[in-house]
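Structure data (mmCIF, C-alpha atoms) from run_15.cif:
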data_data
loop_
_atom_site.label_atom_id
_atom_site.label_comp_id
_atom_site.auth_asym_id
_atom_site.auth_seq_id
_atom_site.Cartn_x
_atom_site.Cartn_y
_atom_site.Cartn_z
CA MET A 4 19.79 -6.00 13.50
CA GLU A 5 17.00 -7.48 15.64
CA TYR A 6 16.62 -11.22 16.22
CA HIS A 7 13.83 -13.04 18.02
CA ASP A 8 15.09 -16.59 17.60
CA ILE A 9 18.42 -18.27 18.23
CA SER A 10 20.31 -18.68 14.96
CA PRO A 11 23.85 -19.23 13.63
CA GLN A 12 23.59 -15.84 11.92
CA PHE A 13 23.03 -14.06 15.24
CA VAL A 14 25.97 -15.89 16.81
CA SER A 15 28.17 -14.95 13.86
CA GLU A 16 27.21 -11.27 14.08
CA PHE A 17 27.68 -11.29 17.86
CA PHE A 18 31.25 -12.56 17.63
CA ALA A 19 32.02 -10.23 14.71
CA LEU A 20 31.18 -7.26 16.96
CA VAL A 21 33.09 -8.74 19.90
CA ASP A 22 36.18 -9.41 17.79
CA SER A 23 36.13 -5.89 16.32
CA ALA A 24 35.93 -4.17 19.71
CA SER A 25 38.96 -2.97 21.66
CA ARG A 26 37.19 -2.35 24.98
CA ILE A 27 33.98 -4.14 26.00
CA VAL A 28 31.70 -3.45 28.96
CA ILE A 29 29.05 -5.98 30.04
CA THR A 30 26.24 -4.82 32.30
CA GLY A 31 22.95 -5.92 33.82
CA HIS A 32 20.00 -3.83 34.95
CA GLU A 33 19.94 -1.67 38.07
CA PHE A 34 19.60 -3.65 41.32
CA PRO A 35 20.62 -6.83 39.46
CA ASP A 36 18.74 -9.99 40.36
CA ASP A 37 20.07 -13.56 40.10
CA ASP A 38 19.29 -13.83 36.39
CA SER A 39 20.96 -10.53 35.60
CA ILE A 40 24.13 -11.52 37.50
CA ALA A 41 24.18 -14.97 35.88
CA SER A 42 23.81 -13.38 32.45
CA ILE A 43 26.73 -11.03 33.08
CA LEU A 44 29.01 -13.79 34.39
CA SER A 45 28.17 -16.22 31.58
CA ILE A 46 28.82 -13.66 28.82
CA TYR A 47 32.07 -12.71 30.56
CA THR A 48 33.09 -16.39 30.60
CA LEU A 49 32.16 -16.75 26.92
CA ILE A 50 34.22 -13.79 25.73
CA SER A 51 37.19 -14.13 28.09
CA THR A 52 37.58 -17.79 27.14
CA ARG A 53 37.53 -16.89 23.45
CA ASP A 54 40.06 -14.07 23.86
CA PRO A 55 41.82 -13.87 27.26
CA GLN A 56 43.62 -10.67 26.19
CA LYS A 57 40.43 -8.73 25.43
CA ASP A 58 39.88 -5.58 27.50
CA LEU A 59 36.67 -6.79 29.10
CA ARG A 60 34.84 -5.26 32.07
CA MET A 61 31.68 -6.07 34.04
CA TYR A 62 29.83 -3.07 35.50
CA CYS A 63 26.64 -2.90 37.57
CA LEU A 64 24.56 -0.06 38.95
CA GLY A 65 24.12 -0.88 42.63
CA ARG A 66 26.06 -2.53 45.42
CA GLU A 67 27.92 -5.79 45.75
CA ASP A 68 26.05 -8.73 47.29
CA LYS A 69 28.66 -10.72 49.21
CA HIS A 70 26.36 -13.77 49.22
CA LEU A 71 27.18 -14.20 45.52
CA SER A 72 30.96 -14.24 45.93
CA CYS A 73 30.85 -18.04 45.65
CA PHE A 74 30.27 -17.71 41.88
CA LYS A 75 33.32 -17.65 39.65
CA ASN A 76 34.40 -14.14 38.58
CA TYR A 77 31.75 -12.39 40.67
CA ASP A 78 34.60 -10.54 42.41
CA ARG A 79 35.49 -9.01 39.03
CA ILE A 80 32.16 -7.17 38.74
CA GLU A 81 32.62 -3.46 39.42
CA PHE A 82 29.65 -1.84 41.19
CA TYR A 83 29.06 1.89 40.72
CA LYS A 84 26.49 4.51 41.56
CA GLU A 85 26.59 5.39 37.86
CA ILE A 86 28.17 3.21 35.17
CA ALA A 87 27.95 5.96 32.55
CA ASP A 88 30.81 7.74 34.31
CA HIS A 89 33.12 4.80 33.58
CA LEU A 90 32.52 4.16 29.87
CA LYS A 91 35.29 6.33 28.42
CA GLY A 92 37.01 4.44 25.61
CA THR A 93 34.36 1.72 25.47
CA ASP A 94 33.49 0.76 21.90
CA LEU A 95 31.12 -2.15 22.64
CA LEU A 96 28.47 -2.19 25.37
CA ILE A 97 26.58 -5.43 26.04
CA VAL A 98 23.38 -4.98 28.06
CA LEU A 99 21.64 -8.02 29.52
CA ASP A 100 18.19 -8.76 30.96
CA GLY A 101 16.66 -5.47 29.87
CA GLY A 102 15.95 -3.60 26.65
CA LYS A 103 15.91 0.06 27.71
CA PHE A 104 19.13 1.97 28.36
CA ALA A 105 17.37 3.70 31.25
CA ARG A 106 17.25 0.35 33.10
CA PHE A 107 21.05 0.32 33.25
CA SER A 108 21.94 3.93 33.96
CA HIS A 109 20.61 7.28 35.16
CA LYS A 110 22.34 8.77 32.11
CA PRO A 111 20.99 6.60 29.28
CA GLU A 112 22.06 9.07 26.61
CA ILE A 113 25.73 8.26 27.39
CA LEU A 114 25.09 4.53 26.96
CA LYS A 115 23.34 5.20 23.65
CA ALA A 116 26.44 7.07 22.44
CA VAL A 117 28.72 4.00 22.71
CA PRO A 118 29.60 3.12 19.07
CA LEU A 119 28.46 -0.54 19.22
CA THR A 120 25.72 -1.98 21.43
CA ILE A 121 24.30 -5.48 21.93
CA CYS A 122 21.16 -6.42 23.86
CA LEU A 123 20.07 -9.87 25.04
CA ASP A 124 16.74 -9.93 26.82
CA HIS A 125 13.64 -12.00 27.57
CA HIS A 126 11.09 -9.27 28.33
CA SER A 127 8.25 -8.48 25.94
CA SER A 128 8.40 -4.69 26.32
CA PRO A 129 9.62 -2.65 23.32
CA ILE A 130 13.39 -2.14 23.32
CA ASP A 131 15.65 0.77 22.42
CA GLN A 132 17.74 0.70 19.24
CA PHE A 133 20.86 -1.45 19.40
CA THR A 134 23.48 -2.45 16.87
CA LEU A 135 22.45 -6.08 17.49
CA SER A 136 19.76 -7.58 19.68
CA LEU A 137 18.28 -10.95 20.57
CA VAL A 138 14.99 -10.79 22.47
CA ILE A 139 12.98 -13.95 23.19
CA PRO A 140 10.01 -13.16 25.48
CA GLU A 141 9.04 -16.84 25.62
CA ALA A 142 12.28 -17.66 27.47
CA PRO A 143 11.86 -17.71 31.28
CA ALA A 144 15.34 -16.29 31.92
CA CYS A 145 17.94 -14.28 30.02
CA SER A 146 20.64 -16.65 31.25
CA GLN A 147 18.78 -19.53 29.61
CA ILE A 148 18.91 -17.69 26.27
CA ILE A 149 22.67 -17.33 26.69
CA CYS A 150 23.03 -21.00 27.65
CA ARG A 151 21.11 -22.19 24.58
CA THR A 152 22.64 -19.68 22.16
CA PHE A 153 26.34 -20.07 22.91
CA PHE A 154 26.95 -23.27 24.85
CA ASN A 155 26.37 -26.96 24.33
CA PRO A 156 26.61 -29.22 27.41
CA SER A 157 30.11 -30.40 26.52
CA LYS A 158 31.38 -26.81 26.86
CA ILE A 159 29.82 -26.17 30.26
CA ASP A 160 31.97 -26.93 33.29
CA SER A 161 30.82 -27.09 36.91
CA ASP A 162 31.46 -23.38 37.59
CA LEU A 163 29.45 -22.28 34.57
CA ALA A 164 26.66 -24.76 35.34
CA LYS A 165 26.31 -23.16 38.79
CA ILE A 166 26.08 -19.72 37.18
CA PHE A 167 23.31 -20.84 34.81
CA LEU A 168 21.44 -22.52 37.67
CA LEU A 169 21.66 -19.29 39.67
CA GLY A 170 19.91 -17.38 36.88
CA ILE A 171 17.37 -19.95 35.73
CA LEU A 172 16.25 -21.05 39.18
CA GLY A 173 16.13 -17.44 40.32
CA ASP A 174 13.90 -16.16 37.52
CA THR A 175 11.62 -19.21 37.49
CA GLY A 176 11.08 -19.37 41.27
CA ASN A 177 12.76 -22.80 41.35
CA LEU A 178 10.76 -23.74 38.22
CA SER A 179 7.41 -22.90 39.85
CA TYR A 180 6.68 -20.07 37.37
CA LEU A 181 7.13 -22.24 34.26
CA LYS A 182 4.38 -22.42 31.65
CA PRO A 183 3.66 -25.52 29.53
CA SER A 184 5.49 -23.91 26.60
CA GLN A 185 8.64 -23.59 28.73
CA SER A 186 9.09 -27.25 29.68
CA GLU A 187 12.44 -27.29 27.84
CA THR A 188 13.80 -25.46 30.88
CA ILE A 189 13.37 -28.60 32.98
CA THR A 190 15.67 -30.52 30.60
CA ILE A 191 18.23 -27.72 30.69
CA VAL A 192 18.20 -27.67 34.50
CA LYS A 193 18.59 -31.46 34.58
CA ASN A 194 21.68 -31.23 32.38
CA LEU A 195 23.14 -28.47 34.56
CA ILE A 196 22.56 -30.51 37.71
CA ASP A 197 24.21 -33.52 36.07
CA ILE A 198 27.25 -31.40 35.17
CA SER A 199 27.56 -29.70 38.56
CA GLN A 200 26.45 -32.67 40.69
CA LEU A 201 24.58 -30.28 42.97
CA ASN A 202 21.84 -30.74 45.50
CA ILE A 203 19.62 -27.72 44.79
CA LEU A 204 18.75 -27.04 48.43
CA GLU A 205 22.38 -27.14 49.52
CA PHE A 206 23.40 -25.08 46.48
CA GLN A 207 20.91 -22.31 47.16
CA THR A 208 21.66 -22.29 50.87
CA SER A 209 25.24 -21.39 49.98
CA TYR A 210 24.14 -17.99 48.63
CA ARG A 211 20.63 -17.50 49.99
CA SER A 212 21.03 -17.88 53.75
CA VAL A 213 19.07 -15.17 55.58
CA SER A 214 20.57 -13.01 58.32
CA ARG A 215 18.56 -12.10 61.40
CA ARG A 216 18.53 -8.49 60.19
CA VAL A 217 16.97 -9.47 56.88
CA PHE A 218 14.49 -11.68 58.73
CA SER A 219 13.48 -8.65 60.83
CA ALA A 220 12.89 -6.67 57.63
CA ILE A 221 10.72 -9.50 56.28
CA LYS A 222 8.67 -9.27 59.49
CA GLU A 223 8.21 -5.55 58.82
CA PHE A 224 6.87 -6.30 55.34
CA VAL A 225 4.49 -8.86 56.86
CA LYS A 226 3.35 -6.40 59.54
CA ASN A 227 2.61 -3.71 56.93
CA THR A 228 0.64 -6.03 54.64
CA LYS A 229 -2.81 -4.80 53.60
CA PHE A 230 -5.54 -6.67 51.73
CA ILE A 231 -7.81 -4.66 49.42
CA SER A 232 -11.12 -5.90 48.05
CA GLN A 233 -13.03 -2.68 47.44
CA GLU A 234 -11.15 -1.05 44.55
CA PRO A 235 -13.67 -0.83 41.64
CA ASN A 236 -12.85 -2.93 38.54
CA TRP A 237 -9.65 -4.35 40.05
CA PRO A 238 -9.29 -7.92 41.39
CA SER A 239 -8.64 -8.19 45.12
CA PHE A 240 -4.98 -7.55 45.88
CA GLN A 241 -2.45 -7.18 48.65
CA TYR A 242 0.40 -4.76 49.11
CA SER A 243 3.15 -4.06 51.58
CA PHE A 244 6.03 -1.67 52.14
CA VAL A 245 8.74 -0.57 54.51
CA THR A 246 9.13 3.11 55.38
CA ARG A 247 12.25 5.20 55.00
CA ASN A 248 12.17 5.81 58.75
CA PHE A 249 12.34 2.05 59.38
CA VAL A 250 15.25 1.66 56.96
CA THR A 251 17.30 4.56 58.34
CA ARG A 252 16.52 3.86 62.01
CA HIS A 253 17.87 0.32 61.70
CA HIS A 254 20.66 1.23 59.24
CA TYR A 255 19.52 -1.18 56.52
CA SER A 256 21.41 -1.26 53.24
CA ASP A 257 19.66 -1.35 49.86
CA ASN A 258 20.85 -4.94 49.43
CA GLU A 259 19.27 -6.03 52.71
CA ILE A 260 15.92 -4.43 51.88
CA THR A 261 16.05 -5.88 48.37
CA GLU A 262 16.67 -9.35 49.79
CA ALA A 263 13.86 -9.02 52.35
CA GLY A 264 11.47 -7.70 49.71
CA PHE A 265 12.35 -10.52 47.32
CA LEU A 266 11.70 -13.17 49.98
CA TYR A 267 8.40 -11.57 50.98
CA VAL A 268 7.30 -11.41 47.33
CA TYR A 269 8.37 -15.01 46.70
CA ARG A 270 6.67 -16.40 49.80
CA TYR A 271 3.54 -14.29 50.18
CA LEU A 272 2.46 -12.53 46.96
CA ARG A 273 0.07 -14.69 44.89
CA THR A 274 -0.12 -17.26 47.70
CA ILE A 275 -2.90 -15.78 49.88
CA SER A 276 -6.26 -17.30 48.91
CA GLY A 277 -8.51 -14.83 47.11
CA TYR A 278 -5.78 -12.28 46.34
CA THR A 279 -4.46 -12.90 42.85
CA TRP A 280 -1.97 -10.07 42.58
CA GLY A 281 -0.07 -7.53 44.60
CA PHE A 282 3.04 -5.41 45.03
CA VAL A 283 5.65 -4.16 47.50
CA ILE A 284 7.28 -0.73 47.69
CA SER A 285 10.68 0.00 49.22
CA PRO A 286 12.73 3.21 49.63
CA ARG A 287 16.30 3.45 48.35
CA ALA A 288 19.30 5.18 49.82
CA ASP A 289 19.55 7.54 46.82
CA GLY A 290 16.07 8.95 47.51
CA ASP A 291 14.19 6.87 44.94
CA ALA A 292 11.77 4.03 45.71
CA THR A 293 11.13 0.73 43.93
CA ILE A 294 8.01 -1.33 43.30
CA SER A 295 7.85 -5.08 42.64
CA CYS A 296 4.60 -6.64 41.35
CA ARG A 297 3.39 -10.22 40.91
CA SER A 298 0.14 -11.73 39.62
CA LEU A 299 -1.47 -15.08 38.85
CA PRO A 300 -2.55 -16.08 35.31
CA GLY A 301 -5.83 -14.42 34.38
CA SER A 302 -5.35 -11.62 36.88
CA VAL A 303 -3.78 -8.18 36.39
CA ASN A 304 -1.11 -7.73 33.74
CA VAL A 305 1.46 -6.06 35.99
CA LYS A 306 3.82 -5.29 33.10
CA ASP A 307 1.10 -3.19 31.48
CA LEU A 308 0.30 -1.57 34.82
CA LEU A 309 3.85 -0.31 35.35
CA GLU A 310 4.42 0.57 31.70
CA ASN A 311 1.19 2.58 31.57
CA MET A 312 2.21 4.37 34.75
CA GLY A 313 5.55 5.13 33.09
CA ILE A 314 7.64 3.72 35.92
CA GLY A 315 8.76 0.24 34.82
CA GLY A 316 8.00 -3.00 33.03
CA GLY A 317 8.87 -6.68 32.90
CA HIS A 318 6.66 -9.72 32.36
CA ASP A 319 2.88 -10.03 32.34
CA ASP A 320 2.90 -11.70 35.77
CA SER A 321 6.15 -10.33 37.21
CA ALA A 322 7.31 -6.74 36.85
CA GLY A 323 9.26 -4.02 38.59
CA GLY A 324 9.69 -0.28 38.47
CA LYS A 325 11.09 2.79 40.11
CA PHE A 326 9.72 6.07 41.47
CA THR A 327 12.34 8.75 40.83
CA HIS A 328 12.69 11.49 43.42
CA GLN A 329 12.97 15.13 42.49
CA LYS A 330 13.90 17.60 45.24
CA LYS A 331 13.29 15.38 48.25
CA SER A 332 13.56 11.69 49.01
CA LEU A 333 10.49 9.56 48.38
CA ASP A 334 8.87 7.37 50.98
CA ALA A 335 6.82 4.23 50.39
CA PRO A 336 3.46 5.59 51.66
CA GLU A 337 3.44 8.49 49.19
CA CYS A 338 4.39 6.15 46.33
CA LEU A 339 1.57 3.86 47.44
CA LYS A 340 -0.88 6.77 47.14
CA THR A 341 0.35 7.36 43.59
CA VAL A 342 -0.34 3.73 42.64
CA LEU A 343 -3.78 3.64 44.28
CA LEU A 344 -4.81 6.93 42.68
CA TRP A 345 -3.73 5.68 39.25
CA MET A 346 -5.70 2.47 39.79
CA HIS A 347 -8.77 4.47 40.82
CA LEU A 348 -8.64 6.35 37.50
CA HIS A 349 -7.89 3.36 35.25
CA SER A 350 -9.05 -0.19 34.59
CA PRO A 351 -6.72 -3.21 34.55
CA ASN A 352 -5.56 -5.35 31.64
CA SER A 353 -5.51 -9.12 32.17
CA ASN A 354 -2.42 -11.28 31.72
#

Final structure tokens representation of the file:
Amino acid sequence: MEYHDISPQFVSEFFALVDSASRIVITGHEFPDDDSIASILSIYTLISTRDPQKDLRMYCLGREDKHLSCFKNYDRIEFYKEIADHLKGTDLLIVLDGGKFARFSHKPEILKAVPLTICLDHHSSPIDQFTLSLVIPEAPACSQIICRTFFNPSKIDSDLAKIFLLGILGDTGNLSYLKPSQSETITIVKNLIDISQLNILEFQTSYRSVSRRVFSAIKEFVKNTKFISQEPNWPSFQYSFVTRNFVTRHHYSDNEITEAGFLYVYRYLRTISGYTWGFVISPRADGDATISCRSLPGSVNVKDLLENMGIGGGHDDSAGGKFTHQKKSLDAPECLKTVLLWMHLHSPNSN
């Protein structure tokens, strides 16, 4: 059953599936961001509070980020190179912040075979078939959907408020990405701050301090930045990357490069005058490479760009994807050529 609005009927069906399951696995998308982690932790809190004896696991494809250990139950998340290898006996799989099984595993067919599946998401891309789903593209964060669907303020303690703030502030760029139709988020954040009694700057410093190594990687992204104004039919854009040689020479982990790329994207994409959209490309230890795109309203629809290329998706102004290697590891420059060639052969859609 598919839902696109919060309703008592959805909540009732959600708990009916949870109560019927013997073993439940909760997961977020590959390379989980703040919103994905917050969604996992909040659903875990919801179910474990309802039934402390339930066999309940949290799995993620990727590596642990020790910065996030300050959030309650983060240490219970199990990180794997492939979650599909650990689903034996699972009769309910809950996927969060994504609507395609391929976003959660390199073996999506195994995830599809789990008897019961639930999806909660806030992306507008078409989703796979689930036993139950709630998708609200108008919501700025999946964790906000969870907050509004299952919790009233009286049932949110300080630990849970911090988790929701992690997700909502993370996916809204500290509220800077909000649209007029999403002003409700400001009220939700106010309530969460009242409950947690947090200073936002101090709160985020506790899990977003930057090491000198990550700062050096940010400098590499800045050094490799290019500005393009000559591509026919496309608005002026910027891009950057780090090479596999840079990553291996300095022994960077995927988490460090992800953090550096996120900070570069947050600080520098969409902020350079005259360049309304752009992207960054980074290699991964497994041989793949990722791309992260951002755009301003009225510029390129980056979700459509990555979906039409067949490598990813997301939101109209914020999207991500992955280049999958075949026989040899991919490097950012060759992935860049793939993007530029595709752009040369196609025209953009506006967001």

Between A:Arg216, A:Lys165, A:Lys158, A:Lys91, single out the one closest to Ser146 (chain A), counting all atoms listed in the file.
-> A:Lys165

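Residues matched by the PyMOL selection byres ((chain A and resi 226) around 12) in this file: A:Ser219, A:Ala220, A:Ile221, A:Lys222, A:Glu223, A:Phe224, A:Val225, A:Asn227, A:Thr228, A:Lys229, A:Phe230, A:Tyr242, A:Ser243, A:Phe244, A:Val245, A:Thr246, A:Tyr267.
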
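In this comparison, which uses all atoms listed in the file, the residue of A:Phe265, A:Ser186, A:Leu169, A:His254 approaching Ile203 (chain A) most closely is A:Leu169.
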
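CA of Tyr180 (chain A) sits 22.1 Å away from CA of Asp197 (chain A).
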
Sorted per-residue table, region 255-277 of chain A near region 296-309 of chain A, closest atoms and distance, 8 Å, only C-alpha atoms, as a Markdown table:
| residue | atom | partner | partner_atom | distance |
| --- | --- | --- | --- | --- |
| A:Val268 | CA | A:Arg297 | CA | 7.6 |
| A:Leu272 | CA | A:Arg297 | CA | 6.5 |
| A:Arg273 | CA | A:Ser298 | CA | 6.0 |

For region 336-340 of chain A, list every protein, DNA or RNA residue within 12 Å, evaluated using all atoms listed in the file, and leave out those in the same chain fewer than 5 positions away; present the list as an MDAnalysis selection string.
-> chainID A and resid 227 229 241:248 281:286 291:295 312 314 324:328 345:347

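Proximity ranking of A:Tyr47, A:Phe18, A:Phe249, A:Tyr62 relative to Pro35 (chain A) places A:Tyr62 first, based on only C-alpha atoms.
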
Protein and nucleic acid residues near (27.4, 5.3, 30.4) (cut-off 12 Å, only C-alpha atoms) as a PyMOL selection string = chain A and resi 28-30+62-64+83-98+104-118+120

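When only C-alpha atoms are used to measure the gap to Lys330 (chain A), the shortest distance among A:Gly290, A:Arg26, A:Arg66, A:Val213 belongs to A:Gly290.
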
Where does the PyMOL selection byres ((chain A and resi 76) around 12) land in this file, that is, which residues does it pick, as a ChimeraX atom specification?
-> /A:40-41,43-48,51,60-61,71-75,77-81,162-163,166

Can you pull out every residue within 8 Å of Ser42 (chain A), counting all atoms listed in the file, but drop anything in the same chain fewer than 6 positions away, and send it as a ChimeraX atom specification?
-> /A:31,99-100,145-146,149,167,170

Any idea what's packed within 7 Å of Thr134 (chain A), counting only C-alpha atoms, ignoring anything in its chain fewer than 2 positions away? Could you give it as a ChimeraX atom specification?
-> /A:4,119-121,132,136

Can you spit out the residues from that selection as a short mmCIF file (atom, residue, chain, number, x, y, z; two decimals), in the coordinates of the input, using C-alpha atoms?
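The resulting file, result_12.cif, is reproduced below:
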data_model
loop_
_atom_site.label_atom_id
_atom_site.label_comp_id
_atom_site.auth_asym_id
_atom_site.auth_seq_id
_atom_site.Cartn_x
_atom_site.Cartn_y
_atom_site.Cartn_z
CA MET A 4 19.79 -6.00 13.50
CA LEU A 119 28.46 -0.54 19.22
CA THR A 120 25.72 -1.98 21.43
CA ILE A 121 24.30 -5.48 21.93
CA GLN A 132 17.74 0.70 19.24
CA SER A 136 19.76 -7.58 19.68
#

How many Å separate CA of His253 (chain A) from CA of Asp36 (chain A)?
-> 23.7 Å

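A straight line drawn from CA of Ile130 (chain A) to CA of Gln147 (chain A) is 19.3 Å long.
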
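Proximity ranking of A:Ala19, A:Leu333, A:Leu266, A:Ile231 relative to Asp289 (chain A) places A:Leu333 first, based on all atoms listed in the file.
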
Hey, can I get the axis-aligned box for region 125-140 of chain A? All listed atoms, 3 Å padding on each side, centre and edge lengths in Å to one decimal, as AutoDock Vina command-line options.
--center_x 15.9 --center_y -6.6 --center_z 22.6 --size_x 21.2 --size_y 20.7 --size_z 17.5
